[in-house]
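Visitor: I have a structure I would like to understand better, so I am pasting it below and will then ask my questions one at a time.
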Amino acid sequence: MARASTTTVEEVQRLYLAHGANLRQTLARLAPELDADDLLQEVFLVALSKTDDLDGADSPHAWLYGVAVRLAHTRRRAARLRRFFSLGETENTSVVDAPSRTVEQRDAQKRVSRALESLSQAKREVFVLFELQGLPGEAIAAALSIPLKTVWTRLFHARKEVAASLERQLLIESRTSGLTRDEVEP
C-alpha cells in the first residue's frame, strides 16, 4: 500500500516538472490579478488528492489544464465577489519582470493582457490554451469537457475579438501620443 502512494507522488512530481512552468504561465494569463504560484500549488494539491481521476484520464496533461482552468475561474469569481462586497482588498500581484525584457515586450504584454480581459471567460480559456500555451484542440476539449467544434468556434470568435481589441488599443495610443499608428507599433 505504501508503494502505490509513493509511485503516485512520484508521478505527480514528474507531471509538475514536465508541465508546472506552462501551467503557471496559463494561470497567470487566465487570472492575472491572482498569485499564479498559489494557484499552481492548488492545482497539484488537487492532483494529489484525486489520483484516481488523474490515473483514469486519457491525457494527464489535459486533465491538469482542466483543473487549472476551473480553479482560475473559481478564484477569479471569488475575488470579484470579495471586491463587490468589500470583504477585503485583493492584492494586485504583478508578475516579476525579467530585467532583460524590453519596453516593447512589456508594452506588448500589457496590450495582450487588456485584450484577454475583454474576452468572456469561455473564450479566454480556449484562446489562452490554444494560442498562448500551444495545446491542441483535442486536449483543450478534454480539459474543458466541451465538444471539439465548440473549441474551434470559441477560438474563431476570440481571435476576432482579440484582434479588434489590439487594433483599438493601438488606435487610442496613436491618437493620444500624437504618433501615427505605424509609429506606435513598429
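Chain lettering (A, B, ...) mirrors the order of the C-alpha cells, residue numbering begins at 1 for each chain separately, and ligand numbering begins at 1 in order of display.
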Name the residues in contact with segment 130-140 of chain A at a cut-off of 7 Å, using only C-alpha atoms, excluding same-chain residues fewer than 4 positions from it; report them as a list in words.
Guide: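 These residues fall inside the cut-off: Asn22, Thr26, Ala62, Val126, Leu144, Leu148 and Val151 of chain A.
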Visitor: Mind writing the picked residues with N, CA, C and O atoms as a PDB file, in the first residue's frame?
Guide:
```pdb
ATOM      1  N   ASN A  22       4.534  25.728 -17.625  1.00  0.00           N
ATOM      2  CA  ASN A  22       3.485  26.113 -18.580  1.00  0.00           C
ATOM      3  C   ASN A  22       2.143  26.316 -17.886  1.00  0.00           C
ATOM      4  O   ASN A  22       1.379  27.209 -18.254  1.00  0.00           O
ATOM      5  N   THR A  26      -0.107  29.703 -17.791  1.00  0.00           N
ATOM      6  CA  THR A  26      -1.528  29.682 -18.121  1.00  0.00           C
ATOM      7  C   THR A  26      -2.341  30.339 -17.016  1.00  0.00           C
ATOM      8  O   THR A  26      -3.223  31.159 -17.287  1.00  0.00           O
ATOM      9  N   ALA A  62      -3.864  17.157 -20.241  1.00  0.00           N
ATOM     10  CA  ALA A  62      -5.142  17.846 -20.433  1.00  0.00           C
ATOM     11  C   ALA A  62      -5.926  17.908 -19.126  1.00  0.00           C
ATOM     12  O   ALA A  62      -6.576  18.916 -18.834  1.00  0.00           O
ATOM     13  N   VAL A 126     -10.135  29.171 -23.954  1.00  0.00           N
ATOM     14  CA  VAL A 126      -9.753  28.498 -25.200  1.00  0.00           C
ATOM     15  C   VAL A 126      -8.608  29.247 -25.875  1.00  0.00           C
ATOM     16  O   VAL A 126      -7.636  28.632 -26.334  1.00  0.00           O
ATOM     17  N   LEU A 144     -11.523  21.074 -20.913  1.00  0.00           N
ATOM     18  CA  LEU A 144     -12.691  21.882 -20.576  1.00  0.00           C
ATOM     19  C   LEU A 144     -14.001  21.094 -20.614  1.00  0.00           C
ATOM     20  O   LEU A 144     -15.061  21.646 -20.335  1.00  0.00           O
ATOM     21  N   LEU A 148     -15.223  19.341 -29.442  1.00  0.00           N
ATOM     22  CA  LEU A 148     -14.128  19.916 -30.216  1.00  0.00           C
ATOM     23  C   LEU A 148     -14.615  21.073 -31.092  1.00  0.00           C
ATOM     24  O   LEU A 148     -13.931  22.095 -31.217  1.00  0.00           O
ATOM     25  N   VAL A 151     -14.659  24.227 -29.216  1.00  0.00           N
ATOM     26  CA  VAL A 151     -13.317  24.805 -29.087  1.00  0.00           C
ATOM     27  C   VAL A 151     -13.023  25.687 -30.292  1.00  0.00           C
ATOM     28  O   VAL A 151     -12.606  26.841 -30.151  1.00  0.00           O
TER      29      VAL A 151
END
```
Visitor: Show me, as CSV, the residues of segment 45-73 of chain A having an atom within 12 Å of segment 77-82 of chain A, each with the closest atom pair and its distance in Å, using only C-alpha atoms.
Guide:
```
residue,atom,partner,partner_atom,distance
A:Arg70,CA,A:Arg77,CA,10.6
A:Leu71,CA,A:Arg77,CA,9.9
A:Ala72,CA,A:Arg77,CA,8.5
A:His73,CA,A:Arg77,CA,6.2
```
Visitor: For those residues, write N, CA, C and O atoms to a file as a compact mmCIF listing (two decimals), in the first residue's frame.
Guide:
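Written output follows (out.txt):
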```
# COMPACT_ATOMS: atom_id res chain seq x y z
N ARG A 70 -10.50 25.51 -14.30
CA ARG A 70 -11.61 25.58 -13.34
C ARG A 70 -11.20 26.32 -12.07
O ARG A 70 -11.96 27.13 -11.52
N LEU A 71 -10.00 26.06 -11.60
CA LEU A 71 -9.51 26.72 -10.39
C LEU A 71 -9.36 28.23 -10.60
O LEU A 71 -9.78 29.03 -9.76
N ALA A 72 -8.79 28.63 -11.73
CA ALA A 72 -8.64 30.05 -12.03
C ALA A 72 -10.00 30.72 -12.10
O ALA A 72 -10.19 31.83 -11.57
N HIS A 73 -10.95 30.07 -12.75
CA HIS A 73 -12.30 30.62 -12.87
C HIS A 73 -12.94 30.79 -11.49
O HIS A 73 -13.50 31.85 -11.18
```
Visitor: So, with only C-alpha atoms as the atoms that count, which of A:Leu23, A:Leu30, A:Thr8, A:Ala115 lies closest to Asp53 of chain A?
Guide: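 The closest residue to Asp53 of chain A is A:Thr8.
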Visitor: Please, what distance in Å, to one decimal, runs between atom CA of Val162 of chain A and atom CA of Ser59 of chain A?
Guide: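 Between these atoms lies a distance of 29.0 Å.
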Visitor: Any chance you could list, as JSON, numbers by chain, the residues in segment 16-124 of chain A that come up helix (DSSP H, G or I) when DSSP is run on the backbone?
Guide: {"A": [16, 17, 18, 19, 20, 21, 22, 23, 24, 25, 26, 27, 28, 29, 30, 36, 37, 38, 39, 40, 41, 42, 43, 44, 45, 46, 47, 48, 49, 51, 52, 53, 54, 55, 56, 60, 61, 62, 63, 64, 65, 66, 67, 68, 69, 70, 71, 72, 73, 74, 75, 76, 77, 78, 79, 80, 81, 82, 83, 84, 103, 104, 105, 106, 107, 108, 109, 110, 111, 112, 113, 114, 115, 116, 117, 121, 122, 123, 124]}
Visitor: Which of these, A:Leu15, A:Ala31, A:Leu64, A:Val9, has the shortest distance to Ala143 of chain A once you count only C-alpha atoms?
Guide: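 For Ala143 of chain A, the nearest of the given residues is A:Leu64.
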Visitor: Which of these, A:Val12, A:Ala164, A:Leu129, A:Ala21, has the shortest distance to Leu54 of chain A once you count only C-alpha atoms?
Guide: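 Among A:Val12, A:Ala164, A:Leu129, A:Ala21, it is A:Val12 that comes nearest to Leu54 of chain A.
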Visitor: Which value, in Å to one decimal, gives the distance between atom CA of Val112 of chain A and atom CA of Leu166 of chain A?
Guide: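 Answer for the atom CA of Val112 of chain A to atom CA of Leu166 of chain A separation: 7.3 Å.
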Visitor: For Ser113 of chain A, list every protein, DNA or RNA residue within 12 Å, evaluated using only C-alpha atoms, and leave out those in the same chain fewer than 6 positions away; present the list as a list in words.
Guide: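 After dropping sequence-adjacent residues, the list is Ala28, Arg29, Leu30, Ala31, Pro32, Glu33, Ser94, Arg106, Asp107, Leu119, Arg124, Val128, Leu132, Val162, Ser165, Leu166 and Gln169 of chain A.
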Visitor: Please produce an output containing N, CA, C and O atoms for each residue in the selection, written as a short mmCIF file (atom, residue, chain, number, x, y, z; two decimals), in the first residue's frame.
Guide:
```
data_model
loop_
_atom_site.label_atom_id
_atom_site.label_comp_id
_atom_site.auth_asym_id
_atom_site.auth_seq_id
_atom_site.Cartn_x
_atom_site.Cartn_y
_atom_site.Cartn_z
N ALA A 28 -1.37 32.52 -14.81
CA ALA A 28 -1.09 33.96 -14.79
C ALA A 28 -1.87 34.68 -15.88
O ALA A 28 -2.28 35.83 -15.69
N ARG A 29 -2.09 34.02 -17.00
CA ARG A 29 -2.84 34.63 -18.09
C ARG A 29 -4.34 34.57 -17.87
O ARG A 29 -5.07 35.47 -18.27
N LEU A 30 -4.81 33.51 -17.25
CA LEU A 30 -6.24 33.36 -17.00
C LEU A 30 -6.71 34.19 -15.81
O LEU A 30 -7.85 34.64 -15.78
N ALA A 31 -5.84 34.38 -14.83
CA ALA A 31 -6.20 35.12 -13.62
C ALA A 31 -5.05 36.03 -13.23
O ALA A 31 -4.37 35.80 -12.22
N PRO A 32 -4.81 37.09 -14.02
CA PRO A 32 -3.63 37.93 -13.76
C PRO A 32 -3.65 38.65 -12.42
O PRO A 32 -2.60 39.02 -11.91
N GLU A 33 -4.83 38.83 -11.87
CA GLU A 33 -4.92 39.54 -10.59
C GLU A 33 -4.65 38.64 -9.38
O GLU A 33 -4.58 39.12 -8.26
N SER A 94 1.74 41.55 -9.25
CA SER A 94 2.23 41.59 -10.62
C SER A 94 3.32 40.54 -10.79
O SER A 94 4.01 40.18 -9.85
N ARG A 106 7.27 44.58 -22.74
CA ARG A 106 6.36 44.87 -21.62
C ARG A 106 5.07 45.52 -22.13
O ARG A 106 3.97 45.18 -21.68
N ASP A 107 5.19 46.44 -23.07
CA ASP A 107 4.01 47.09 -23.64
C ASP A 107 3.14 46.07 -24.37
O ASP A 107 1.91 46.10 -24.24
N LEU A 119 -12.30 39.51 -23.27
CA LEU A 119 -12.97 38.27 -23.69
C LEU A 119 -13.84 37.71 -22.57
O LEU A 119 -13.55 37.90 -21.39
N ARG A 124 -11.72 33.25 -23.37
CA ARG A 124 -10.36 33.47 -22.86
C ARG A 124 -9.68 32.15 -22.58
O ARG A 124 -8.51 31.96 -22.91
N VAL A 128 -6.29 31.28 -24.58
CA VAL A 128 -5.03 31.13 -23.84
C VAL A 128 -4.45 29.74 -24.04
O VAL A 128 -3.25 29.58 -24.32
N LEU A 132 -1.69 30.79 -26.75
CA LEU A 132 -0.56 31.18 -25.92
C LEU A 132 0.16 29.99 -25.29
O LEU A 132 1.36 30.07 -25.03
N VAL A 162 -9.88 39.59 -30.00
CA VAL A 162 -8.53 40.00 -29.59
C VAL A 162 -7.93 40.93 -30.63
O VAL A 162 -7.36 41.97 -30.29
N SER A 165 -9.58 44.28 -30.33
CA SER A 165 -9.14 44.96 -29.11
C SER A 165 -7.73 45.52 -29.27
O SER A 165 -7.46 46.67 -28.88
N LEU A 166 -6.84 44.74 -29.84
CA LEU A 166 -5.47 45.21 -30.06
C LEU A 166 -5.46 46.40 -31.03
O LEU A 166 -4.73 47.37 -30.82
N GLN A 169 -6.66 49.46 -29.16
CA GLN A 169 -5.62 49.96 -28.26
C GLN A 169 -4.55 50.74 -29.02
O GLN A 169 -4.11 51.81 -28.58
#
```
Visitor: Record the distance separating atom CA of Gln121 of chain A and atom CA of Lys160 of chain A, expressed in Å with one decimal.
Guide: 15.3 Å
